[in-house]
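Coordinates as given in entry_21.txt (compact mmCIF, N, CA and C atoms):
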# COMPACT_ATOMS: atom_id res chain seq x y z
N MET Z 1 142.15 191.04 131.57
CA MET Z 1 143.06 189.95 131.26
C MET Z 1 142.40 188.61 131.56
N HIS Z 2 142.24 188.25 132.82
CA HIS Z 2 141.65 186.96 133.19
C HIS Z 2 140.34 187.22 133.92
N GLY Z 3 139.29 186.60 133.42
CA GLY Z 3 137.93 186.85 133.87
C GLY Z 3 137.64 186.71 135.35
N MET Z 4 137.95 185.58 135.94
CA MET Z 4 137.55 185.32 137.33
C MET Z 4 138.74 185.55 138.25
N TYR Z 5 138.81 186.74 138.85
CA TYR Z 5 139.96 187.12 139.66
C TYR Z 5 139.98 186.39 141.00
N GLN Z 6 141.12 185.81 141.32
CA GLN Z 6 141.35 185.11 142.60
C GLN Z 6 142.36 185.96 143.36
N ASP Z 7 141.99 186.53 144.51
CA ASP Z 7 142.89 187.44 145.20
C ASP Z 7 143.83 186.77 146.20
N LYS Z 8 143.48 185.56 146.65
CA LYS Z 8 144.39 184.83 147.54
C LYS Z 8 144.13 183.34 147.48
N CYS Z 9 145.11 182.57 147.92
CA CYS Z 9 145.02 181.12 147.90
C CYS Z 9 144.03 180.65 148.97
N PRO Z 10 143.05 179.82 148.60
CA PRO Z 10 142.10 179.32 149.59
C PRO Z 10 142.71 178.30 150.55
N LYS Z 11 143.87 177.74 150.20
CA LYS Z 11 144.52 176.73 151.03
C LYS Z 11 145.40 177.36 152.12
N CYS Z 12 146.24 178.35 151.73
CA CYS Z 12 147.19 178.91 152.70
C CYS Z 12 147.05 180.41 152.93
N GLY Z 13 146.22 181.09 152.14
CA GLY Z 13 146.00 182.52 152.32
C GLY Z 13 147.02 183.41 151.62
N ASN Z 14 147.99 182.84 150.90
CA ASN Z 14 148.99 183.62 150.18
C ASN Z 14 148.30 184.54 149.16
N ASP Z 15 148.69 185.82 149.13
CA ASP Z 15 148.07 186.74 148.18
C ASP Z 15 148.99 187.07 146.99
N ASN Z 16 150.03 186.27 146.81
CA ASN Z 16 150.95 186.45 145.69
C ASN Z 16 150.84 185.26 144.74
N LEU Z 17 149.67 185.10 144.14
CA LEU Z 17 149.43 183.97 143.24
C LEU Z 17 150.06 184.18 141.88
N LYS Z 18 150.28 183.10 141.17
CA LYS Z 18 150.77 183.13 139.80
C LYS Z 18 149.67 182.60 138.90
N ILE Z 19 149.75 182.96 137.63
CA ILE Z 19 148.80 182.46 136.64
C ILE Z 19 149.57 181.65 135.61
N TYR Z 20 149.13 180.40 135.40
CA TYR Z 20 149.70 179.53 134.38
C TYR Z 20 148.82 179.65 133.15
N GLU Z 21 149.40 180.04 132.01
CA GLU Z 21 148.65 180.18 130.77
C GLU Z 21 149.12 179.16 129.75
N GLN Z 22 148.17 178.55 129.05
CA GLN Z 22 148.50 177.74 127.89
C GLN Z 22 148.14 178.59 126.68
N ILE Z 23 149.06 178.66 125.72
CA ILE Z 23 148.86 179.54 124.58
C ILE Z 23 148.89 178.75 123.27
N ALA Z 24 148.16 179.26 122.29
CA ALA Z 24 148.19 178.68 120.95
C ALA Z 24 149.25 179.42 120.15
N ILE Z 25 150.13 178.66 119.52
CA ILE Z 25 151.17 179.25 118.69
C ILE Z 25 150.94 178.81 117.26
N GLY Z 26 150.95 179.75 116.36
CA GLY Z 26 150.78 179.43 114.95
C GLY Z 26 152.12 179.16 114.28
N ARG Z 27 152.18 178.12 113.48
CA ARG Z 27 153.38 177.84 112.71
C ARG Z 27 153.04 176.97 111.51
N ILE Z 28 153.89 177.04 110.53
CA ILE Z 28 153.75 176.21 109.33
C ILE Z 28 154.85 175.16 109.37
N VAL Z 29 154.44 173.88 109.21
CA VAL Z 29 155.36 172.75 109.32
C VAL Z 29 155.30 171.93 108.03
N SER Z 30 156.44 171.45 107.58
CA SER Z 30 156.49 170.60 106.40
C SER Z 30 155.82 169.26 106.72
N ALA Z 31 154.86 168.86 105.88
CA ALA Z 31 154.17 167.58 106.07
C ALA Z 31 155.13 166.41 105.83
N ARG Z 32 156.11 166.60 105.00
CA ARG Z 32 157.04 165.53 104.66
C ARG Z 32 158.12 165.35 105.72
N THR Z 33 158.73 166.44 106.17
CA THR Z 33 159.88 166.34 107.08
C THR Z 33 159.56 166.65 108.54
N GLY Z 34 158.46 167.36 108.77
CA GLY Z 34 158.13 167.79 110.13
C GLY Z 34 158.88 169.04 110.56
N LYS Z 35 159.74 169.58 109.69
CA LYS Z 35 160.53 170.77 109.99
C LYS Z 35 159.63 172.01 110.03
N VAL Z 36 159.87 172.87 111.03
CA VAL Z 36 159.12 174.13 111.13
C VAL Z 36 159.63 175.07 110.05
N LEU Z 37 158.73 175.48 109.15
CA LEU Z 37 159.11 176.36 108.05
C LEU Z 37 158.91 177.83 108.40
N GLU Z 38 157.89 178.12 109.20
CA GLU Z 38 157.60 179.51 109.55
C GLU Z 38 156.85 179.57 110.87
N ASN Z 39 157.33 180.40 111.78
CA ASN Z 39 156.62 180.65 113.04
C ASN Z 39 155.76 181.89 112.88
N LYS Z 40 154.50 181.76 113.24
CA LYS Z 40 153.56 182.88 113.14
C LYS Z 40 153.42 183.61 114.48
N GLY Z 41 153.96 183.03 115.55
CA GLY Z 41 153.91 183.67 116.86
C GLY Z 41 152.72 183.24 117.69
N ILE Z 42 152.56 183.91 118.81
CA ILE Z 42 151.46 183.60 119.75
C ILE Z 42 150.15 184.07 119.15
N MET Z 43 149.18 183.18 119.14
CA MET Z 43 147.88 183.50 118.57
C MET Z 43 146.88 183.93 119.65
N GLU Z 44 146.82 183.17 120.76
CA GLU Z 44 145.86 183.48 121.82
C GLU Z 44 146.13 182.62 123.05
N VAL Z 45 145.61 183.07 124.18
CA VAL Z 45 145.61 182.25 125.39
C VAL Z 45 144.43 181.31 125.27
N THR Z 46 144.68 180.00 125.37
CA THR Z 46 143.58 179.03 125.21
C THR Z 46 142.94 178.67 126.54
N CYS Z 47 143.75 178.60 127.60
CA CYS Z 47 143.21 178.35 128.94
C CYS Z 47 144.23 178.80 129.98
N TRP Z 48 143.78 178.95 131.22
CA TRP Z 48 144.66 179.41 132.29
C TRP Z 48 144.12 178.99 133.63
N ASN Z 49 145.00 179.00 134.65
CA ASN Z 49 144.57 178.77 136.03
C ASN Z 49 145.57 179.39 136.99
N TYR Z 50 145.11 179.60 138.22
CA TYR Z 50 145.96 180.17 139.26
C TYR Z 50 146.78 179.07 139.92
N LEU Z 51 148.01 179.44 140.35
CA LEU Z 51 148.89 178.53 141.07
C LEU Z 51 149.42 179.24 142.31
N CYS Z 52 149.69 178.46 143.36
CA CYS Z 52 150.27 179.00 144.59
C CYS Z 52 151.52 178.21 144.94
N LYS Z 53 152.44 178.84 145.66
CA LYS Z 53 153.68 178.16 146.06
C LYS Z 53 153.44 177.00 147.02
N CYS Z 54 152.25 176.94 147.67
CA CYS Z 54 151.96 175.84 148.58
C CYS Z 54 151.55 174.56 147.83
N GLY Z 55 151.37 174.67 146.52
CA GLY Z 55 150.99 173.52 145.71
C GLY Z 55 149.56 173.56 145.24
N TRP Z 56 148.75 174.48 145.77
CA TRP Z 56 147.36 174.61 145.33
C TRP Z 56 147.31 175.08 143.88
N ALA Z 57 146.40 174.52 143.10
CA ALA Z 57 146.15 174.96 141.73
C ALA Z 57 144.64 175.13 141.56
N GLY Z 58 144.25 176.27 141.06
CA GLY Z 58 142.83 176.53 140.83
C GLY Z 58 142.32 175.79 139.61
N GLU Z 59 141.01 175.86 139.42
CA GLU Z 59 140.40 175.17 138.27
C GLU Z 59 140.85 175.85 136.99
N ILE Z 60 140.84 175.08 135.90
CA ILE Z 60 141.25 175.59 134.59
C ILE Z 60 140.09 176.32 133.96
N HIS Z 61 140.38 177.53 133.46
CA HIS Z 61 139.40 178.36 132.77
C HIS Z 61 139.76 178.45 131.30
N ALA Z 62 138.78 178.26 130.43
CA ALA Z 62 139.00 178.36 128.99
C ALA Z 62 138.61 179.75 128.53
N GLN Z 63 139.34 180.25 127.57
CA GLN Z 63 139.06 181.57 127.01
C GLN Z 63 137.98 181.44 125.96

Output the file's structure in the form of structure tokens.
Amino acid sequence: MHGMYQDKCPKCGNDNLKIYEQIAIGRIVSARTGKVLENKGIMEVTCWNYLCKCGWAGEIHAQ
């Protein structure tokens, strides 16, 4: 899933980290009105990083 595994927070030692993912979504939009005509769904994860409840956020990794 995610290449560089982080097993615990370097700031507080918490081992229950979360992963924030940014995803690319495909859709077709009218050039004239801006209305979404068709959703193609999730295409891919574009980047991600680890988050901790203490506020620490790891570096952003691109896929």

### Task
Please report, as a VMD selection string, each residue of chain Z to which DSSP assigns strand (DSSP E or B) when run on this structure's backbone.
chain Z and resid 18 to 29 36 to 51 57 61 to 62

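Relative to atom CA of Ile25 of chain Z, atom CA of Leu51 of chain Z is found at 22.5 Å.
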
### Task
With a distance cut-off of 6 Å and all atoms listed in the file, select the neighbouring residues of Gln63 of chain Z, excluding the residue or stretch itself and same-chain residues fewer than 5 positions from it, and output the selection as a list of chain:residue names.
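Final neighbour list, sorted by chain and number: Z:Val45, Z:Thr46, Z:Cys47, Z:Trp48.
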
### Task
Between atom N of Ile19 of chain Z and atom CA of Ile42 of chain Z, measure the distance and give it in Å to one decimal.
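Taking atom N of Ile19 of chain Z as the start and atom CA of Ile42 of chain Z as the end point, the length is 18.0 Å.
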
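Taking atom CA of Arg27 of chain Z as the reference point, atom C of Met43 of chain Z is found at 11.3 Å.
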
### Query
Nearest to Ile28 of chain Z: which of Z:Lys8, Z:Lys40, Z:Lys53, Z:His61 is it, counting all atoms listed in the file?
Z:Lys40
